[in-house]
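Content type compact mmCIF, C-alpha atoms, from the file model-v8.txt:
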# COMPACT_ATOMS: atom_id res chain seq x y z
CA LYS X 1 125.42 120.03 71.42
CA VAL X 2 127.36 121.24 74.46
CA GLU X 3 129.45 124.26 75.31
CA PHE X 4 132.11 124.13 78.01
CA LYS X 5 134.83 126.32 79.48
CA VAL X 6 138.33 125.10 80.32
CA GLN X 7 140.70 126.68 82.82
CA LYS X 8 144.07 125.15 83.58
CA ASP X 9 143.16 121.91 81.80
CA MET X 10 139.96 121.52 83.84
CA ILE X 11 136.34 121.88 82.70
CA THR X 12 134.82 124.61 84.85
CA SER X 13 131.37 124.81 83.24
CA LEU X 14 129.25 122.81 80.81
CA ALA X 15 125.97 123.71 79.10
CA VAL X 16 123.73 121.48 76.98
CA LYS X 17 122.34 123.56 74.11
CA ASN X 18 120.07 121.32 72.02
CA ARG X 19 118.74 118.49 74.19
CA THR X 20 115.07 117.58 73.67
CA VAL X 21 113.17 116.08 76.59
CA TYR X 22 110.47 113.61 75.63
CA ASN X 23 107.56 112.42 77.73
CA ASN X 24 104.90 109.78 77.28
CA LYS X 25 102.72 112.21 75.35
CA ASP X 26 105.31 112.25 72.53
CA LEU X 27 105.10 108.48 72.05
CA LEU X 28 103.05 106.89 69.27
CA SER X 29 101.26 103.69 70.23
CA GLY X 30 99.75 100.82 68.29
CA SER X 31 100.67 97.39 66.99
CA ILE X 32 103.19 96.20 64.41
CA PHE X 33 101.30 95.70 61.14
CA ALA X 34 104.38 94.73 59.12
CA LEU X 35 108.14 94.71 59.60
CA ASP X 36 110.74 94.88 56.80
CA LYS X 37 113.83 93.88 58.77
CA LYS X 38 116.19 94.12 55.80
CA ASN X 39 115.29 97.74 55.00
CA ARG X 40 114.48 98.55 58.67
CA ILE X 41 110.93 99.74 57.94
CA LEU X 42 108.27 99.32 60.63
CA SER X 43 104.60 99.68 59.68
CA LEU X 44 102.53 100.78 62.67
CA LYS X 45 98.78 100.33 62.98
CA THR X 46 97.70 102.99 65.45
CA THR X 47 94.94 102.57 68.01
CA ASN X 48 92.57 104.50 65.71
CA GLY X 49 93.31 102.15 62.79
CA GLU X 50 95.71 104.33 60.78
CA LEU X 51 98.67 102.73 58.99
CA LYS X 52 102.00 104.54 59.15
CA ALA X 53 105.47 103.39 58.02
CA TYR X 54 108.70 104.59 59.60
CA GLU X 55 112.38 103.88 59.16
CA VAL X 56 114.17 102.55 62.25
CA VAL X 57 117.60 104.12 62.81
CA SER X 58 120.50 101.68 63.20
CA ASN X 59 121.15 102.58 66.85
CA ALA X 60 117.51 102.69 67.97
CA GLU X 61 116.85 101.58 71.55
CA ILE X 62 114.61 98.51 71.59
CA LEU X 63 112.91 97.22 74.74
CA ILE X 64 110.73 94.12 74.96
CA ASN X 65 108.91 93.69 78.27
CA GLY X 66 111.52 96.02 79.79
CA SER X 67 114.54 94.05 78.51
CA SER X 68 116.96 95.69 76.09
CA LYS X 69 117.37 94.10 72.65
CA LYS X 70 119.88 94.96 69.92
CA GLU X 71 118.20 93.75 66.72
CA LEU X 72 114.85 94.13 64.96
CA ASP X 73 114.70 90.31 64.84
CA ALA X 74 113.34 90.45 68.39
CA LEU X 75 110.17 92.14 67.10
CA ASP X 76 107.18 90.37 65.52
CA LYS X 77 103.94 91.25 63.79
CA ASP X 78 100.98 92.21 66.02
CA MET X 79 103.21 93.15 68.98
CA ASN X 80 101.95 96.18 70.89
CA VAL X 81 104.53 98.96 70.73
CA SER X 82 105.16 102.55 71.70
CA ILE X 83 107.65 104.39 69.48
CA GLN X 84 109.56 107.67 69.64
CA LEU X 85 110.45 109.61 66.48
CA ASN X 86 113.34 112.03 65.98
CA GLU X 87 113.22 115.31 64.08
CA ASP X 88 113.64 113.39 60.80
CA ASN X 89 110.53 111.30 61.54
CA LYS X 90 112.61 108.15 62.07
CA ILE X 91 112.19 105.72 64.94
CA ILE X 92 114.82 106.09 67.67
CA TYR X 93 113.04 104.20 70.47
CA ILE X 94 110.73 101.15 70.55
CA ASN X 95 109.06 99.82 73.68
CA ALA X 96 107.39 96.53 72.77
CA ASP X 97 105.25 93.96 74.51
CA ASN X 98 105.69 90.54 72.96
CA ARG X 99 102.19 89.65 74.08
CA VAL X 100 99.26 90.39 71.78
CA ARG X 101 96.49 92.21 73.67
CA ALA X 102 92.94 91.25 72.73
CA GLU X 103 89.39 90.61 73.87
CA VAL X 104 87.85 87.15 73.69
CA VAL X 105 85.03 86.93 71.13
CA ARG X 106 84.58 83.16 70.77
CA VAL X 107 86.17 80.02 72.22
CA ASN X 108 86.13 76.77 70.25
CA THR X 109 87.44 74.20 72.71
CA ASP X 110 86.91 71.24 70.34
CA ASP X 111 89.04 72.61 67.50
CA LYS X 112 91.38 74.66 69.72
CA LEU X 113 90.47 77.94 68.02
CA LEU X 114 90.25 81.32 69.69
CA THR X 115 88.51 84.30 68.06
CA VAL X 116 89.63 87.64 69.47
CA LYS X 117 89.23 91.35 68.85
CA LEU X 118 92.61 93.09 68.74
CA ALA X 119 93.33 96.54 70.19
CA THR X 120 93.13 97.93 66.64
CA GLY X 121 89.53 96.71 66.33
CA GLU X 122 90.42 93.87 63.96
CA THR X 123 88.88 90.43 64.62
CA LYS X 124 91.17 87.44 64.10
CA VAL X 125 91.07 83.68 64.63
CA TYR X 126 94.12 81.96 66.12
CA VAL X 127 95.04 78.33 66.58
CA VAL X 128 95.72 77.42 70.21
CA ASP X 129 98.68 75.18 70.95
CA PRO X 130 97.53 71.92 72.62
CA LYS X 131 100.03 72.64 75.41
CA VAL X 132 98.99 76.26 75.83
CA ASP X 133 99.83 77.76 79.24
CA ILE X 134 96.81 79.72 80.57
CA THR X 135 97.16 81.85 83.71
CA ILE X 136 94.16 83.26 85.61
CA TYR X 137 94.64 84.73 89.07
CA ASP X 138 93.29 82.54 91.88
CA VAL X 139 92.39 79.71 89.46
CA ARG X 140 94.20 76.39 89.29
CA GLY X 141 94.40 73.93 86.39
CA GLU X 142 93.27 76.55 83.89
CA ASP X 143 92.27 75.55 80.37
CA LEU X 144 90.34 77.05 77.43
CA ARG X 145 87.01 76.31 79.14
CA ASP X 146 87.91 78.89 81.80
CA LEU X 147 87.94 81.73 79.24
CA ARG X 148 84.82 83.91 79.10
CA ILE X 149 83.43 86.00 76.28
CA GLY X 150 84.65 89.55 76.87
CA ASP X 151 87.76 88.53 78.81
CA LYS X 152 90.74 90.79 78.13
CA ILE X 153 93.84 88.70 77.50
CA ALA X 154 97.52 88.91 76.61
CA MET X 155 98.75 86.18 74.26
CA LYS X 156 102.23 84.98 73.36
CA MET X 157 102.56 83.65 69.85
CA ASN X 158 104.71 81.17 67.96
CA GLY X 159 103.92 82.06 64.38
CA ASN X 160 100.12 82.02 64.18
CA LYS X 161 99.75 79.67 67.15
CA ILE X 162 98.99 80.79 70.71
CA THR X 163 101.40 79.30 73.26
CA ASP X 164 100.58 81.40 76.38
CA ILE X 165 97.49 83.26 77.56
CA GLU X 166 97.30 85.60 80.55
CA VAL X 167 93.75 86.59 81.49
CA GLU X 168 92.77 89.91 83.03
CA ARG X 169 90.37 89.62 85.96
CA SER X 170 89.21 92.16 88.53
CA PHE X 171 88.23 91.54 92.14
CA VAL X 172 86.53 93.68 94.79
CA TYR X 173 88.29 93.66 98.16
CA ARG X 174 87.75 95.38 101.49
CA VAL X 175 90.80 96.62 103.35
CA THR X 176 91.27 94.99 106.76
CA GLU X 177 94.80 96.20 107.56
CA ASN X 178 97.16 98.89 106.28
CA GLY X 179 100.84 98.15 106.82
CA GLY X 180 101.48 101.75 107.94
CA THR X 181 103.09 104.96 106.74
CA TYR X 182 106.23 103.33 105.36
CA SER X 183 104.66 100.15 104.01
CA ASN X 184 103.36 99.40 100.53
CA ARG X 185 101.35 96.38 101.66
CA LEU X 186 97.62 96.06 102.35
CA THR X 187 95.73 93.13 103.83
CA VAL X 188 92.34 92.73 102.17
CA GLN X 189 89.35 90.44 102.34
CA ASP X 190 87.54 89.10 99.29
CA GLU X 191 83.80 88.49 98.90
CA ASN X 192 84.22 84.96 100.24
CA GLY X 193 85.85 86.19 103.46
CA ARG X 194 89.35 85.05 102.48
CA SER X 195 92.34 87.25 103.28
CA HIS X 196 94.94 88.34 100.73
CA ASP X 197 98.03 90.53 100.87
CA VAL X 198 98.48 93.03 98.05
CA THR X 199 101.70 94.95 97.46
CA ILE X 200 101.49 98.28 95.64
CA ASP X 201 104.87 98.96 94.04
CA SER X 202 105.99 101.01 91.03
CA ARG X 203 104.62 98.39 88.60
CA VAL X 204 101.05 98.85 89.88
CA THR X 205 98.79 101.66 88.70
CA PHE X 206 97.26 103.12 91.88
CA SER X 207 94.37 105.60 92.08
CA ILE X 208 92.17 107.15 94.75
CA PRO X 209 89.35 109.53 93.70
CA GLY X 210 90.19 113.12 94.65
CA ILE X 211 93.88 112.43 95.41
CA PRO X 212 96.16 113.24 92.43
CA TYR X 213 99.25 111.48 93.82
CA PRO X 214 97.99 108.84 96.26
CA ARG X 215 100.14 106.92 98.71
CA VAL X 216 99.38 103.57 100.28
CA SER X 217 99.06 105.34 103.63
CA ASP X 218 96.04 107.20 102.20
CA VAL X 219 94.10 103.91 102.18
CA LYS X 220 91.94 103.41 105.26
CA LYS X 221 90.72 100.28 106.95
CA GLY X 222 87.27 99.52 105.56
CA ASP X 223 87.95 101.10 102.15
CA VAL X 224 86.74 99.16 99.15
CA LEU X 225 89.15 98.62 96.27
CA ARG X 226 89.17 96.96 92.87
CA ALA X 227 92.28 94.92 92.12
CA THR X 228 93.01 94.05 88.51
CA TYR X 229 95.35 91.18 87.67
CA LEU X 230 96.84 90.10 84.34
CA GLY X 231 97.60 86.47 84.89
CA ASP X 232 99.13 86.34 88.36
CA ASP X 233 100.54 89.89 88.17
CA LEU X 234 98.78 92.72 89.98
CA LYS X 235 98.41 95.59 87.48
CA GLU X 236 96.02 98.10 89.01
CA ILE X 237 94.52 99.09 92.35
CA ALA X 238 91.66 101.60 92.41
CA ILE X 239 89.74 102.69 95.49
CA VAL X 240 86.04 102.27 94.70
CA PRO X 241 83.48 104.83 95.92
CA ASN X 242 80.92 103.21 98.19
CA VAL X 243 77.70 104.02 100.00
CA TYR X 244 77.32 103.44 103.71
CA GLY X 245 74.03 103.76 105.50
CA GLN X 246 70.83 102.27 106.82
CA VAL X 247 68.52 100.16 104.67
CA VAL X 248 65.19 101.99 104.33
CA SER X 249 63.39 99.62 101.99
CA VAL X 250 63.99 96.47 99.94
CA SER X 251 62.24 95.60 96.65
CA PRO X 252 63.41 92.09 95.65
CA GLU X 253 61.10 91.97 92.62
CA MET X 254 62.70 95.17 91.27
CA GLY X 255 66.20 94.30 92.44
CA ARG X 256 66.45 97.60 94.31
CA ILE X 257 67.17 98.82 97.80
CA VAL X 258 67.02 102.31 99.28
CA VAL X 259 69.82 103.34 101.65
CA ARG X 260 69.92 106.46 103.85
CA ASP X 261 73.41 107.69 104.80
CA LEU X 262 74.46 109.34 108.07
CA ASN X 263 73.62 112.78 106.65
CA GLY X 264 70.04 111.75 105.88
CA VAL X 265 70.58 111.53 102.12
CA THR X 266 68.84 108.55 100.47
CA SER X 267 70.19 106.58 97.51
CA GLU X 268 68.45 103.98 95.38
CA VAL X 269 70.72 101.04 94.63
CA THR X 270 70.02 98.67 91.75
CA ALA X 271 71.49 95.24 92.38
CA ALA X 272 72.15 93.62 88.98
CA TYR X 273 72.85 89.95 88.38
CA GLY X 274 75.99 88.87 90.20
CA THR X 275 75.38 91.02 93.28
CA THR X 276 76.63 89.45 96.51
CA ILE X 277 75.48 90.13 100.08
CA GLN X 278 77.87 89.23 102.89
CA ILE X 279 76.33 88.62 106.32
CA GLY X 280 78.87 87.39 108.83
CA ASP X 281 80.66 84.43 107.27
CA ARG X 282 77.82 83.64 104.86
CA GLN X 283 77.25 84.96 101.35
CA TYR X 284 73.92 85.41 99.57
CA THR X 285 72.88 86.46 96.08
CA ASN X 286 69.30 87.56 96.75
CA ILE X 287 68.63 90.96 98.32
CA ASN X 288 65.58 89.59 100.14
CA VAL X 289 67.98 88.69 102.99
CA LEU X 290 68.26 92.43 103.71
CA LYS X 291 65.82 94.13 106.04
CA PRO X 292 65.04 97.75 106.95
CA GLY X 293 67.39 99.00 109.67
CA ASP X 294 70.38 96.95 108.50
CA ARG X 295 73.59 98.94 108.20
CA VAL X 296 75.26 98.20 104.89
CA GLN X 297 78.29 99.16 102.84
CA VAL X 298 77.54 99.03 99.11
CA ALA X 299 80.31 99.12 96.49
CA GLU X 300 80.40 98.71 92.72
CA ALA X 301 81.56 95.27 91.60
CA THR X 302 81.48 94.49 87.87
CA ASN X 303 78.88 94.82 85.09
CA GLY X 304 76.42 96.67 87.32
CA ALA X 305 76.60 94.12 90.13
CA LYS X 306 77.09 95.30 93.70
CA SER X 307 79.16 94.04 96.61
CA ILE X 308 77.11 94.52 99.78
CA VAL X 309 78.32 93.89 103.31
CA VAL X 310 75.91 93.91 106.25
CA LEU X 311 77.63 95.24 109.35
CA THR X 312 77.66 93.28 112.58
CA LYS X 313 75.25 94.79 115.13
CA VAL X 314 76.13 94.61 118.84
CA GLU X 315 73.32 95.57 121.23
CA THR X 316 74.52 96.45 124.71
CA THR X 317 74.38 99.12 127.43
CA PHE X 318 76.68 102.07 127.91
CA ASN X 319 78.98 102.23 130.95
CA SER X 320 81.45 105.08 130.37
CA LEU X 321 83.67 106.96 127.93
CA ASP X 322 87.45 107.02 128.21
CA PRO X 323 88.75 110.47 129.35
CA LEU X 324 90.62 110.77 126.03
CA GLY X 325 87.35 110.23 124.20
CA ASP X 326 88.65 107.45 121.95
CA ARG X 327 87.20 104.38 123.69
CA ILE X 328 83.71 103.45 124.82
CA TYR X 329 83.09 101.00 127.66
CA THR X 330 79.94 98.85 127.53
CA ALA X 331 78.43 95.98 129.48
CA LYS X 332 79.91 93.56 126.91
CA GLN X 333 83.36 95.03 126.24
CA SER X 334 85.21 98.20 125.33
CA TYR X 335 85.56 99.49 121.76
CA TYR X 336 88.20 101.77 120.27
CA LEU X 337 86.80 104.77 118.39
CA PRO X 338 89.01 105.60 115.36
CA ASP X 339 89.29 109.11 113.91
CA SER X 340 87.54 107.91 110.74
CA LEU X 341 84.42 107.18 112.83
CA PHE X 342 84.16 110.82 113.97
CA ASN X 343 84.71 112.02 110.40
CA ARG X 344 81.93 109.77 109.15
CA GLN X 345 79.42 110.27 111.99
CA VAL X 346 79.61 114.03 112.48
CA ASN X 347 77.17 114.13 115.41
CA LEU X 348 79.02 111.44 117.36
CA GLN X 349 80.67 113.82 119.87
CA SER X 350 77.30 115.19 121.02
CA LEU X 351 75.79 111.69 121.06
CA LEU X 352 78.57 110.38 123.33
CA ARG X 353 78.36 113.35 125.68
CA GLY X 354 74.63 112.75 126.07
CA LEU X 355 74.94 109.08 127.04
CA ARG X 356 74.33 108.01 130.63
CA LYS X 357 75.29 104.76 132.31
CA GLY X 358 72.72 102.09 131.51
CA ASP X 359 71.60 103.67 128.23
CA ASN X 360 70.93 101.15 125.47
CA VAL X 361 73.26 101.46 122.49
CA ALA X 362 73.83 99.65 119.20
CA ILE X 363 77.37 99.43 117.89
CA TYR X 364 77.93 98.54 114.23
CA LEU X 365 81.19 96.84 113.27
CA LEU X 366 82.90 96.38 109.91
CA ASN X 367 86.00 94.17 109.99
CA ASN X 368 85.90 94.43 113.81
CA GLU X 369 86.13 98.22 113.64
CA VAL X 370 83.40 100.55 114.95
CA TYR X 371 81.61 102.12 111.99
CA GLU X 372 78.61 103.67 113.74
CA ILE X 373 77.13 104.10 117.23
CA GLU X 374 73.43 104.51 117.81
CA LYS X 375 71.45 105.27 120.97
CA VAL X 376 68.50 102.90 121.22
CA ASN X 377 65.33 103.92 123.04
Turn this file's structure into structure tokens for me.
Amino acid sequence: KVEFKVQKDMITSLAVKNRTVYNNKDLLSGSIFALDKKNRILSLKTTNGELKAYEVVSNAEILINGSSKKELDALDKDMNVSIQLNEDNKIIYINADNRVRAEVVRVNTDDKLLTVKLATGETKVYVVDPKVDITIYDVRGEDLRDLRIGDKIAMKMNGNKITDIEVERSFVYRVTENGGTYSNRLTVQDENGRSHDVTIDSRVTFSIPGIPYPRVSDVKKGDVLRATYLGDDLKEIAIVPNVYGQVVSVSPEMGRIVVRDLNGVTSEVTAAYGTTIQIGDRQYTNINVLKPGDRVQVAEATNGAKSIVVLTKVETTFNSLDPLGDRIYTAKQSYYLPDSLFNRQVNLQSLLRGLRKGDNVAIYLLNNEVYEIEKVN
């Protein structure tokens, strides 16, 4: 309803009186349990298992994977949907995903059968099309044998047969370059030392602990992040809290290490199965390669496993400090001292002022950036 004023055949003011603004909290979510297209009745199975039936108004807006559709014929059973109701409890808006979301329970490669647990909690068995298209990020020539129990997947159906499967996989990366204030691109390194470019646009869910509305420029070189892909599409980037410090002790039989940070606080780290230790360009899976005194960065990986990087140690002698205080000159070479180093090593200013030419120092590098400076007796 609107009210407007007219003067000399011109609208001079206009006021909307009864508009309702909806947000995502007003949407109901679930999957299509049944659809009576003739009578325009949609039965929704909510995420908590409730069944609810609603009439769909004739001019309802229907979106499937972001594309507008005009008819209910575009919708199918088991599709994940979010719906908006009007004041008469009728559906005026449907946002559907024509992929069925599920978790892999069992894979029968011989009979081409896939048992999955749907978002509603229901377990179902589907026939897999012999020509099924399976997409897993960073995997080539994918087939059913590449699926793992517990994998989260999105399936496209033709009747009761699966024709496409996109698999969700997460990877731990370390940031090696940030494109800058006006860039949405990061260069990262995986656990095998390979570089990747990730672009964080509006389609990617992005989070940094302690920052409500993060920007890509908030990401620092050396940060650890978890990237989640559905098929080949990047869906989520989350900065992962990590521990940096000096290894105090290693207990291979217990799968534990003790790390002391730059503030003197010790943490006990349990390295579950799947933990990786990166030393230079080599990767290990046994923590017995670690030794007391090593500087390490420890981040959560998946299922309790850890991603551990041992920093490169450069032993040299001190020559001088740049007048600006942001570069140290040694017998081997000079090193730039980033602001993040001073934030991390709070006593660094006094340490640098106390150095004299010829003093022995150890410089610890992560991705060729100075992470810590130590005076060695």
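Distance-wise, CA of Gln283 in chain X and CA of Val310 in chain X end up 10.3 Å apart.
When the distance limit is 8 Å and all atoms listed in the file are what count, the residues near range 146-155 of chain X, minus those fewer than 4 positions from it on the same chain, are Arg99, Val100, Arg101, Ala102, Glu103, Val104, Val105, Arg106, Val107, Glu142, Ile162, Thr163, Asp164, Ile165, Glu166, Val167, Glu168, Arg169 and Leu230 of chain X.
You can rank X:Gly141, X:Gly354, X:Gly193, X:Gly49 by their closest distance to Asn367 in chain X using all atoms listed in the file, and at the top of that list sits X:Gly193.
When only C-alpha atoms are used to compute distances to Ala271 in chain X, the closest of the residues X:Ile94, X:Val258, X:Ile237, X:Met79 turns out to be X:Val258.
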Using all atoms listed in the file, list the residues that have an atom at most 12 Å from (92.9, 75.0, 71.7), coordinates as in the file, as number ranges by chain. X: 106-115, 125-134, 143-147, 161-165
Restricting it to C-alpha atoms, dump the selection as a compact mmCIF listing (two decimals), keeping the file's coordinate frame.
# COMPACT_ATOMS: atom_id res chain seq x y z
CA ARG X 106 84.58 83.16 70.77
CA VAL X 107 86.17 80.02 72.22
CA ASN X 108 86.13 76.77 70.25
CA THR X 109 87.44 74.20 72.71
CA ASP X 110 86.91 71.24 70.34
CA ASP X 111 89.04 72.61 67.50
CA LYS X 112 91.38 74.66 69.72
CA LEU X 113 90.47 77.94 68.02
CA LEU X 114 90.25 81.32 69.69
CA THR X 115 88.51 84.30 68.06
CA VAL X 125 91.07 83.68 64.63
CA TYR X 126 94.12 81.96 66.12
CA VAL X 127 95.04 78.33 66.58
CA VAL X 128 95.72 77.42 70.21
CA ASP X 129 98.68 75.18 70.95
CA PRO X 130 97.53 71.92 72.62
CA LYS X 131 100.03 72.64 75.41
CA VAL X 132 98.99 76.26 75.83
CA ASP X 133 99.83 77.76 79.24
CA ILE X 134 96.81 79.72 80.57
CA ASP X 143 92.27 75.55 80.37
CA LEU X 144 90.34 77.05 77.43
CA ARG X 145 87.01 76.31 79.14
CA ASP X 146 87.91 78.89 81.80
CA LEU X 147 87.94 81.73 79.24
CA LYS X 161 99.75 79.67 67.15
CA ILE X 162 98.99 80.79 70.71
CA THR X 163 101.40 79.30 73.26
CA ASP X 164 100.58 81.40 76.38
CA ILE X 165 97.49 83.26 77.56
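Here CA of Lys37 in chain X is placed at a distance of 16.7 Å from CA of Asn98 in chain X.
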Regenerate range 214-244 of chain X at the level of N, CA and C atoms and dump it as a JSON list (two decimals), keeping the file's coordinate frame.
[["chain", "number", "residue", "atom", "x", "y", "z"],
["X", 214, "PRO", "N", 98.29, 109.60, 95.04],
["X", 214, "PRO", "CA", 97.99, 108.84, 96.26],
["X", 214, "PRO", "C", 99.16, 108.02, 96.76],
["X", 215, "ARG", "N", 99.19, 107.81, 98.07],
["X", 215, "ARG", "CA", 100.14, 106.92, 98.71],
["X", 215, "ARG", "C", 99.35, 105.79, 99.37],
["X", 216, "VAL", "N", 100.06, 104.70, 99.64],
["X", 216, "VAL", "CA", 99.38, 103.57, 100.28],
["X", 216, "VAL", "C", 98.83, 103.97, 101.64],
["X", 217, "SER", "N", 99.52, 104.88, 102.31],
["X", 217, "SER", "CA", 99.06, 105.34, 103.63],
["X", 217, "SER", "C", 97.74, 106.10, 103.56],
["X", 218, "ASP", "N", 97.33, 106.52, 102.36],
["X", 218, "ASP", "CA", 96.04, 107.20, 102.20],
["X", 218, "ASP", "C", 94.87, 106.22, 102.25],
["X", 219, "VAL", "N", 95.15, 104.93, 102.14],
["X", 219, "VAL", "CA", 94.10, 103.91, 102.18],
["X", 219, "VAL", "C", 93.72, 103.65, 103.63],
["X", 220, "LYS", "N", 92.42, 103.60, 103.90],
["X", 220, "LYS", "CA", 91.94, 103.41, 105.26],
["X", 220, "LYS", "C", 91.31, 102.02, 105.41],
["X", 221, "LYS", "N", 91.38, 101.54, 106.63],
["X", 221, "LYS", "CA", 90.72, 100.28, 106.95],
["X", 221, "LYS", "C", 89.23, 100.42, 106.66],
["X", 222, "GLY", "N", 88.67, 99.45, 105.94],
["X", 222, "GLY", "CA", 87.27, 99.52, 105.56],
["X", 222, "GLY", "C", 87.05, 100.03, 104.16],
["X", 223, "ASP", "N", 88.08, 100.65, 103.54],
["X", 223, "ASP", "CA", 87.95, 101.10, 102.15],
["X", 223, "ASP", "C", 87.70, 99.91, 101.24],
["X", 224, "VAL", "N", 87.00, 100.18, 100.15],
["X", 224, "VAL", "CA", 86.74, 99.16, 99.15],
["X", 224, "VAL", "C", 87.64, 99.44, 97.95],
["X", 225, "LEU", "N", 88.28, 98.41, 97.43],
["X", 225, "LEU", "CA", 89.15, 98.62, 96.27],
["X", 225, "LEU", "C", 88.89, 97.55, 95.22],
["X", 226, "ARG", "N", 89.22, 97.92, 93.97],
["X", 226, "ARG", "CA", 89.17, 96.96, 92.87],
["X", 226, "ARG", "C", 90.60, 96.64, 92.46],
["X", 227, "ALA", "N", 90.94, 95.37, 92.52],
["X", 227, "ALA", "CA", 92.28, 94.92, 92.12],
["X", 227, "ALA", "C", 92.18, 94.22, 90.78],
["X", 228, "THR", "N", 93.02, 94.64, 89.84],
["X", 228, "THR", "CA", 93.01, 94.05, 88.51],
["X", 228, "THR", "C", 94.32, 93.30, 88.29],
["X", 229, "TYR", "N", 94.19, 92.04, 87.91],
["X", 229, "TYR", "CA", 95.35, 91.18, 87.67],
["X", 229, "TYR", "C", 95.40, 90.81, 86.19],
["X", 230, "LEU", "N", 96.62, 90.71, 85.65],
["X", 230, "LEU", "CA", 96.84, 90.10, 84.34],
["X", 230, "LEU", "C", 97.64, 88.84, 84.60],
["X", 231, "GLY", "N", 96.99, 87.71, 84.43],
["X", 231, "GLY", "CA", 97.60, 86.47, 84.89],
["X", 231, "GLY", "C", 97.73, 86.55, 86.40],
["X", 232, "ASP", "N", 98.91, 86.26, 86.91],
["X", 232, "ASP", "CA", 99.13, 86.34, 88.36],
["X", 232, "ASP", "C", 99.72, 87.67, 88.80],
["X", 233, "ASP", "N", 99.90, 88.61, 87.86],
["X", 233, "ASP", "CA", 100.54, 89.89, 88.17],
["X", 233, "ASP", "C", 99.50, 90.96, 88.47],
["X", 234, "LEU", "N", 99.66, 91.61, 89.62],
["X", 234, "LEU", "CA", 98.78, 92.72, 89.98],
["X", 234, "LEU", "C", 99.15, 93.93, 89.11],
["X", 235, "LYS", "N", 98.15, 94.48, 88.39],
["X", 235, "LYS", "CA", 98.41, 95.59, 87.48],
["X", 235, "LYS", "C", 97.81, 96.91, 87.95],
["X", 236, "GLU", "N", 96.69, 96.84, 88.65],
["X", 236, "GLU", "CA", 96.02, 98.10, 89.01],
["X", 236, "GLU", "C", 95.25, 97.95, 90.31],
["X", 237, "ILE", "N", 95.32, 98.99, 91.13],
["X", 237, "ILE", "CA", 94.52, 99.09, 92.35],
["X", 237, "ILE", "C", 93.77, 100.43, 92.28],
["X", 238, "ALA", "N", 92.46, 100.37, 92.42],
["X", 238, "ALA", "CA", 91.66, 101.60, 92.41],
["X", 238, "ALA", "C", 90.68, 101.55, 93.59],
["X", 239, "ILE", "N", 90.71, 102.60, 94.40],
["X", 239, "ILE", "CA", 89.74, 102.69, 95.49],
["X", 239, "ILE", "C", 88.37, 102.97, 94.88],
["X", 240, "VAL", "N", 87.37, 102.19, 95.29],
["X", 240, "VAL", "CA", 86.04, 102.27, 94.70],
["X", 240, "VAL", "C", 85.12, 103.07, 95.63],
["X", 241, "PRO", "N", 84.45, 104.10, 95.10],
["X", 241, "PRO", "CA", 83.48, 104.83, 95.92],
["X", 241, "PRO", "C", 82.39, 103.88, 96.42],
["X", 242, "ASN", "N", 81.94, 104.09, 97.64],
["X", 242, "ASN", "CA", 80.92, 103.21, 98.19],
["X", 242, "ASN", "C", 79.91, 104.01, 99.00],
["X", 243, "VAL", "N", 78.79, 103.40, 99.22],
["X", 243, "VAL", "CA", 77.70, 104.02, 100.00],
["X", 243, "VAL", "C", 77.57, 103.28, 101.31],
["X", 244, "TYR", "N", 77.57, 104.06, 102.41],
["X", 244, "TYR", "CA", 77.32, 103.44, 103.71],
["X", 244, "TYR", "C", 76.04, 104.06, 104.28]]
